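S.K.: Can you keep this structure in mind? I'll have questions shortly.
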Amino acid sequence: MRPSVFKQQRCLQLLFLTFAFCFSLSTQSNFTEYKGKVTDAKSNVALEAVSLTVLETNITIITNSEGEFLLKVPNAYLEFKVEISLLGYHTKVLPLSEFSSRTNINLSVAVTELSALSISAYKNASNLVKKVFEDKNKNVQNTSVFMTAFYRETIKRRNRNVSLTEAVVNILKQPHSTSLRDAIQLNKARKSTDYKRLDTVSVKLQGGPFSTIYLDVMKYPEYIFTDKTIDAYRFSFDAPSTINNRNVYVVSFTPISNKLNLNYSGKLYIDVKSLALVSAKYALDVSNKQKSKNLLVKRKPRDIIVYPLEANYRVDYKAKAGKWYFSYSNLNLKFKVNKKREFFNKVYTLSSEMAVTDWEITATDKKIKNKDRLRPTVIITDAIFGFSDPDFWGEYNLIEPNKSIESAIDKILANIKKEKQQDNKQRKVKMP
């Protein structure tokens with residue numbers, strides 16, 4: 001989700017809103033599951049957004065906020081190897097045949113040293129960033145790419161989950177050199193919302209699967225750095241880092257002044273050799289309440305004021321055969337909602353993330369039919385029944401749910417069981 005600049009998308013309706021693997025192998029008819037947890041080798045801290053990719057394929061998944069992952073591999077690929085990578089850590093490659101219920105693997109922090117030539121090549125961080133965007137078409141595939149991705153969105157009131165949406169979507173990523181917008185097709189989805197814990201006042205917020213797609217700043221740079229706004233930021237070099245055992249420039253950016261309508265600050269991670277963007281992590285400045293109030297709202301009642309408290313964004317890219325592809329994005333937004341004549345305000349948190357789990361380069365004529373395309377205004381329909389089916393996702397890869405989401409799913413299942421029991425009682429009463 002992107003504050004107001006996301007004009008193409010409209011809304012999600014919020015009705016008021018070490019590395020240590022502990023594998024559990026489960027063989028299905030045509031694939032095998034590998035469950036695990038990733039932690040830092042030295043501190044034992046869980047590592048989020050670690051990428052696990054089956055080499056010689058485009059199958060990939062990431063770890064959740066608690067370092068846990070679930071990787072589903074077709075049985076035809078069980079002799080393949082898995083690449084495990086995270087920005088700032090040494091990459092490891094392991095054969096699937098070595099994975100067991102007691103396998104322990106450590107990822108160690110990588111110490112990066114750039115040569116004097118690399119350091120002196122770009123003394124001006126601003127020029128480096130401009131070159132990244134100017135030369136982006138050299139580093140990205142200039143054909144359509146058909147992707148399969150897992151999307152999850154959670155809404156919390158205070159610390160309590162009130163809405164959970166999960167979906168597998170197909171994405172037709174259009175070439176960066178064209179003005180064509182990416183298309184999304186809903187493959188499979190489930191959603192449950194506790195409307196009793198959401199206000200009865202309807203507030204329109206920008207969101208849905210398009211919110212994460214538009215974080216692809218290489219495809220949509222206008223949402224953060226336009227030709228006019230890029231000079232309004234101050235860029236500076238931080239200590240370099242490493243991704244997939246390759247050196248990465250780290251460039252911090254902050255607004256020079258408060259003249260922009262939207263001010264961001266964050267870090268860009270740029271591959272030293274190709275000058276491709278590897279990752280971007282940044283936040284929206286919401287310190288000025290008068291300037292930011294209702295900023296993330298598309299439509300609301302007159303007696304409602306929405307103040308964003310936090311707005312954090314992230315996008316990652318992955319390289320293959322010398323080209324870089326959109327791989328993962330997430331956003332975390334926190335709102336305070338004030339309603340006139342009510343003493344207590346309400347605080348909501350909305351988190352969305354999308355992980356590309358498989359992809360293929362397509363012919364230029366491959367399309368998602370108009371009738372099958374999701375609109376940026378989409379609100380995924382409730383499909384509670386999906387939560388009662390343990391095999392709902394089948395062979396699709398997904399982001400392993402963390403404990404908070406597992407707890408929410410347990411409550412959903414309890415409600416489903418309760419509803420079934422009530423239905424059975426009503427049927428018995430109606431029987432002659």
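Quick note on naming: the chains in the structure tokens go A, B, ... in the order shown, residues restart at 1 in each chain, and ligands are numbered from 1 in order of appearance.
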Could you pull out all residues of segment 57-95 of chain A with a DSSP call of strand (DSSP E or B) and give them as a list in words?
M.R.: Thr60, Ile61, Ile62, Glu68, Phe69, Leu70, Leu71, Lys72, Val73, Pro74, Lys81, Val82, Glu83, Ile84, Ser85, Tyr89, Lys92, Val93, Leu94 and Pro95 of chain A
S.K.: Could you dump the residues just selected with N, CA and C atoms as a PDB file, in the first residue's frame?
M.R.:
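For reference, out-v4.pdb as written:
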ATOM      1  N   THR A  60      10.596 -20.769  -5.085  1.00  0.00           N
ATOM      2  CA  THR A  60      11.222 -20.043  -3.969  1.00  0.00           C
ATOM      3  C   THR A  60      10.190 -19.739  -2.897  1.00  0.00           C
ATOM      4  N   ILE A  61      10.660 -19.473  -1.703  1.00  0.00           N
ATOM      5  CA  ILE A  61       9.791 -19.044  -0.607  1.00  0.00           C
ATOM      6  C   ILE A  61      10.664 -18.296   0.394  1.00  0.00           C
ATOM      7  N   ILE A  62      10.034 -17.599   1.327  1.00  0.00           N
ATOM      8  CA  ILE A  62      10.775 -16.849   2.342  1.00  0.00           C
ATOM      9  C   ILE A  62      10.329 -17.253   3.737  1.00  0.00           C
ATOM     10  N   GLU A  68      10.441 -18.841  10.442  1.00  0.00           N
ATOM     11  CA  GLU A  68       9.948 -20.147  10.013  1.00  0.00           C
ATOM     12  C   GLU A  68       9.574 -20.148   8.537  1.00  0.00           C
ATOM     13  N   PHE A  69       9.676 -21.310   7.906  1.00  0.00           N
ATOM     14  CA  PHE A  69       9.336 -21.419   6.502  1.00  0.00           C
ATOM     15  C   PHE A  69       8.672 -22.751   6.210  1.00  0.00           C
ATOM     16  N   LEU A  70       7.989 -22.801   5.097  1.00  0.00           N
ATOM     17  CA  LEU A  70       7.405 -24.024   4.565  1.00  0.00           C
ATOM     18  C   LEU A  70       7.709 -24.041   3.078  1.00  0.00           C
ATOM     19  N   LEU A  71       8.502 -25.019   2.648  1.00  0.00           N
ATOM     20  CA  LEU A  71       8.892 -25.131   1.244  1.00  0.00           C
ATOM     21  C   LEU A  71       8.329 -26.419   0.666  1.00  0.00           C
ATOM     22  N   LYS A  72       7.576 -26.302  -0.429  1.00  0.00           N
ATOM     23  CA  LYS A  72       6.994 -27.465  -1.098  1.00  0.00           C
ATOM     24  C   LYS A  72       7.734 -27.687  -2.415  1.00  0.00           C
ATOM     25  N   VAL A  73       8.305 -28.887  -2.558  1.00  0.00           N
ATOM     26  CA  VAL A  73       9.135 -29.198  -3.721  1.00  0.00           C
ATOM     27  C   VAL A  73       8.533 -30.384  -4.468  1.00  0.00           C
ATOM     28  N   PRO A  74       8.282 -30.251  -5.763  1.00  0.00           N
ATOM     29  CA  PRO A  74       7.809 -31.398  -6.546  1.00  0.00           C
ATOM     30  C   PRO A  74       8.782 -32.568  -6.405  1.00  0.00           C
ATOM     31  N   LYS A  81      19.338 -28.855  -5.318  1.00  0.00           N
ATOM     32  CA  LYS A  81      19.905 -28.128  -4.178  1.00  0.00           C
ATOM     33  C   LYS A  81      19.089 -26.873  -3.879  1.00  0.00           C
ATOM     34  N   VAL A  82      19.208 -26.406  -2.642  1.00  0.00           N
ATOM     35  CA  VAL A  82      18.487 -25.212  -2.205  1.00  0.00           C
ATOM     36  C   VAL A  82      19.492 -24.126  -1.833  1.00  0.00           C
ATOM     37  N   GLU A  83      19.276 -22.942  -2.379  1.00  0.00           N
ATOM     38  CA  GLU A  83      20.105 -21.781  -2.035  1.00  0.00           C
ATOM     39  C   GLU A  83      19.408 -20.993  -0.941  1.00  0.00           C
ATOM     40  N   ILE A  84      20.131 -20.708   0.135  1.00  0.00           N
ATOM     41  CA  ILE A  84      19.580 -19.981   1.279  1.00  0.00           C
ATOM     42  C   ILE A  84      20.308 -18.646   1.368  1.00  0.00           C
ATOM     43  N   SER A  85      19.583 -17.537   1.260  1.00  0.00           N
ATOM     44  CA  SER A  85      20.260 -16.235   1.202  1.00  0.00           C
ATOM     45  C   SER A  85      19.483 -15.161   1.950  1.00  0.00           C
ATOM     46  N   TYR A  89      24.240 -11.601   4.933  1.00  0.00           N
ATOM     47  CA  TYR A  89      24.689 -12.903   5.422  1.00  0.00           C
ATOM     48  C   TYR A  89      25.330 -13.695   4.284  1.00  0.00           C
ATOM     49  N   LYS A  92      24.280 -19.890   1.559  1.00  0.00           N
ATOM     50  CA  LYS A  92      24.620 -21.304   1.623  1.00  0.00           C
ATOM     51  C   LYS A  92      23.800 -22.075   0.587  1.00  0.00           C
ATOM     52  N   VAL A  93      24.388 -23.159   0.090  1.00  0.00           N
ATOM     53  CA  VAL A  93      23.704 -24.043  -0.841  1.00  0.00           C
ATOM     54  C   VAL A  93      23.756 -25.457  -0.270  1.00  0.00           C
ATOM     55  N   LEU A  94      22.577 -26.077  -0.136  1.00  0.00           N
ATOM     56  CA  LEU A  94      22.481 -27.415   0.456  1.00  0.00           C
ATOM     57  C   LEU A  94      21.637 -28.325  -0.421  1.00  0.00           C
ATOM     58  N   PRO A  95      22.031 -29.578  -0.580  1.00  0.00           N
ATOM     59  CA  PRO A  95      21.195 -30.522  -1.319  1.00  0.00           C
ATOM     60  C   PRO A  95      19.978 -30.918  -0.484  1.00  0.00           C
TER      61      PRO A  95
END
S.K.: Just the residues within 8 Å of Gly88 of chain A, please, counting only C-alpha atoms, with nothing from its chain fewer than 5 positions along; format it as a VMD selection string.
M.R.: chain A and resid 109 to 111 241 to 243
S.K.: So that I can check the surroundings of Tyr396 of chain A, please list as a PDB file with C-alpha atoms, in the first residue's frame every protein, DNA and RNA residue that reaches within 12 Å of it, counting only C-alpha atoms and ignoring chain neighbours fewer than 6 positions away.
M.R.:
ATOM      1  CA  ASN A  30       3.462 -35.277  -6.082  1.00  0.00           C
ATOM      2  CA  PHE A  31       5.454 -33.029  -3.740  1.00  0.00           C
ATOM      3  CA  THR A  32       7.356 -33.028  -0.463  1.00  0.00           C
ATOM      4  CA  GLU A  33       7.096 -30.427   2.307  1.00  0.00           C
ATOM      5  CA  ILE A  59      10.623 -22.230  -6.990  1.00  0.00           C
ATOM      6  CA  THR A  60      11.222 -20.043  -3.969  1.00  0.00           C
ATOM      7  CA  ILE A  61       9.791 -19.044  -0.607  1.00  0.00           C
ATOM      8  CA  LEU A  70       7.405 -24.024   4.565  1.00  0.00           C
ATOM      9  CA  LEU A  71       8.892 -25.131   1.244  1.00  0.00           C
ATOM     10  CA  LYS A  72       6.994 -27.465  -1.098  1.00  0.00           C
ATOM     11  CA  VAL A  73       9.135 -29.198  -3.721  1.00  0.00           C
ATOM     12  CA  PRO A  74       7.809 -31.398  -6.546  1.00  0.00           C
ATOM     13  CA  THR A 148       2.751 -17.176  -9.037  1.00  0.00           C
ATOM     14  CA  ALA A 149       2.736 -15.415  -5.670  1.00  0.00           C
ATOM     15  CA  PHE A 150       1.368 -15.833  -2.167  1.00  0.00           C
ATOM     16  CA  TYR A 151      -0.337 -12.809  -0.612  1.00  0.00           C
ATOM     17  CA  ALA A 167      -4.461 -15.709  -1.521  1.00  0.00           C
ATOM     18  CA  VAL A 168      -2.466 -17.342  -4.271  1.00  0.00           C
ATOM     19  CA  VAL A 169      -2.422 -15.016  -7.264  1.00  0.00           C
ATOM     20  CA  ASN A 170      -1.079 -15.076 -10.803  1.00  0.00           C
ATOM     21  CA  ASN A 187      -6.138 -18.157  -8.204  1.00  0.00           C
ATOM     22  CA  LYS A 188      -7.273 -19.222  -4.757  1.00  0.00           C
ATOM     23  CA  ALA A 189      -8.187 -17.274  -1.625  1.00  0.00           C
ATOM     24  CA  ALA A 355       6.207 -13.440  -2.037  1.00  0.00           C
ATOM     25  CA  VAL A 356       6.772 -14.680  -5.582  1.00  0.00           C
ATOM     26  CA  THR A 357       6.925 -18.486  -5.318  1.00  0.00           C
ATOM     27  CA  ASP A 358       7.399 -19.408  -8.997  1.00  0.00           C
TER      28      ASP A 358
END
S.K.: Per residue of segment 163-255 of chain A within 12 Å of segment 403-406 of chain A, note the shortest atom pair and the distance in Å to one decimal, counting only C-alpha atoms, and order the rows by chain and increasing residue number, as a tab-separated table.
M.R.:
residue	atom	partner	partner_atom	distance
A:Ser163	CA	A:Ile405	CA	10.0
A:Leu164	CA	A:Ile405	CA	7.9
A:Thr165	CA	A:Ile405	CA	10.4
A:Glu166	CA	A:Ile405	CA	10.8
A:Ser192	CA	A:Ile405	CA	11.7
S.K.: Would you write out those residues with C-alpha atoms, as a compact mmCIF listing (two decimals), in the first residue's frame?
M.R.:
# COMPACT_ATOMS: atom_id res chain seq x y z
CA SER A 163 -9.22 -9.83 9.73
CA LEU A 164 -7.07 -12.34 7.87
CA THR A 165 -6.83 -12.65 4.10
CA GLU A 166 -4.66 -15.14 2.22
CA SER A 192 -12.22 -14.26 7.62
S.K.: Please determine, counting only C-alpha atoms, which residue among A:Ala321, A:Ala383, A:Val217, A:Leu413 has the shortest atom-to-atom distance to Tyr282 of chain A.
M.R.: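 Ranked by minimum distance to Tyr282 of chain A, first place goes to A:Val217.
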S.K.: When you draw a straight line from atom CA of Arg157 of chain A to atom CA of Lys291 of chain A, how long is it in Å?
M.R.: 24.1 Å
S.K.: Write out as a ChimeraX atom specification the set of residues from segment 147-351 of chain A that DSSP, computed on the backbone, places in alpha helix (DSSP H).
M.R.: /A:209-213,289-292
S.K.: Can you measure atom CA of Phe80 of chain A to atom CA of Glu395 of chain A for me? One decimal in Å is fine.
M.R.: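 Rounded to one decimal, the two atoms are 17.6 Å apart.
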S.K.: If we count only C-alpha atoms, what is near Thr212 of chain A at a cut-off of 10 Å, once residues fewer than 4 positions away on the same chain are taken out, given as a ChimeraX atom specification?
M.R.: /A:1-2,151,207-208,216,313-315,328-331,352-355
S.K.: Give me a file of those residues, with C-alpha atoms, as a CSV table (one decimal), in the first residue's frame.
M.R.:
chain,number,residue,atom,x,y,z
A,1,MET,CA,0.0,0.0,0.0
A,2,ARG,CA,1.2,3.4,-0.8
A,151,TYR,CA,-0.3,-12.8,-0.6
A,207,GLY,CA,-4.9,-1.8,-0.1
A,208,GLY,CA,-5.2,-5.3,-1.5
A,216,ASP,CA,8.1,-2.5,-7.1
A,313,TYR,CA,7.8,-0.5,3.2
A,314,ARG,CA,10.1,-3.1,1.8
A,315,VAL,CA,10.8,-4.6,-1.7
A,328,TYR,CA,9.1,-9.9,-2.3
A,329,SER,CA,7.4,-6.9,-0.8
A,330,ASN,CA,5.7,-5.9,2.4
A,331,LEU,CA,4.1,-3.0,4.1
A,352,SER,CA,0.5,-7.0,3.8
A,353,GLU,CA,3.1,-9.1,2.1
A,354,MET,CA,3.6,-10.8,-1.2
A,355,ALA,CA,6.2,-13.4,-2.0
S.K.: May I ask which of the residues A:Arg302, A:Ala125, A:Glu400, A:Lys320 is the closest one to Ser65 of chain A, counting only C-alpha atoms?
M.R.: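 Closest to Ser65 of chain A of all the choices is A:Glu400.
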S.K.: Need to verify the contact set: Ile384 of chain A, 9 Å, only C-alpha atoms, exclusion of same-chain residues closer than 6 positions in sequence. Can you return it as a VMD selection string?
M.R.: chain A and resid 190 to 193 412 to 413 416
S.K.: Give me, as number ranges by chain, all polymer residues having an atom no more than 9 Å from Ile230 of chain A, counting only C-alpha atoms and skipping those fewer than 5 positions away in the same chain.
M.R.: A: 126, 130, 224-225
S.K.: Print the selection's residues with N, CA and C atoms to a file, as a PDB file, in the first residue's frame.
M.R.:
ATOM      1  N   SER A 126      24.234  10.322  -4.762  1.00  0.00           N
ATOM      2  CA  SER A 126      23.092  10.782  -5.550  1.00  0.00           C
ATOM      3  C   SER A 126      23.239  10.380  -7.013  1.00  0.00           C
ATOM      4  N   LYS A 130      20.725   7.873  -9.262  1.00  0.00           N
ATOM      5  CA  LYS A 130      20.149   8.297 -10.537  1.00  0.00           C
ATOM      6  C   LYS A 130      20.524   7.341 -11.658  1.00  0.00           C
ATOM      7  N   ILE A 224       7.884   7.021  -5.629  1.00  0.00           N
ATOM      8  CA  ILE A 224       8.814   7.502  -4.606  1.00  0.00           C
ATOM      9  C   ILE A 224       9.837   8.471  -5.193  1.00  0.00           C
ATOM     10  N   PHE A 225      10.471   8.120  -6.325  1.00  0.00           N
ATOM     11  CA  PHE A 225      11.486   8.988  -6.928  1.00  0.00           C
ATOM     12  C   PHE A 225      11.100   9.351  -8.359  1.00  0.00           C
TER      13      PHE A 225
END
S.K.: Return the single residue from A:Thr349, A:Asp194, A:Ile305, A:Arg181 that is closest to Val162 of chain A, with distances computed using only C-alpha atoms.
M.R.: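 Under the stated criterion, the closest residue is A:Asp194.
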S.K.: Given the choices A:Ile409, A:Ala311, A:Ile105, A:Val248, which gets closest to Leu87 of chain A if the distance is worked out from only C-alpha atoms?
M.R.: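 Checking each candidate against Leu87 of chain A, we get A:Val248 as the closest.
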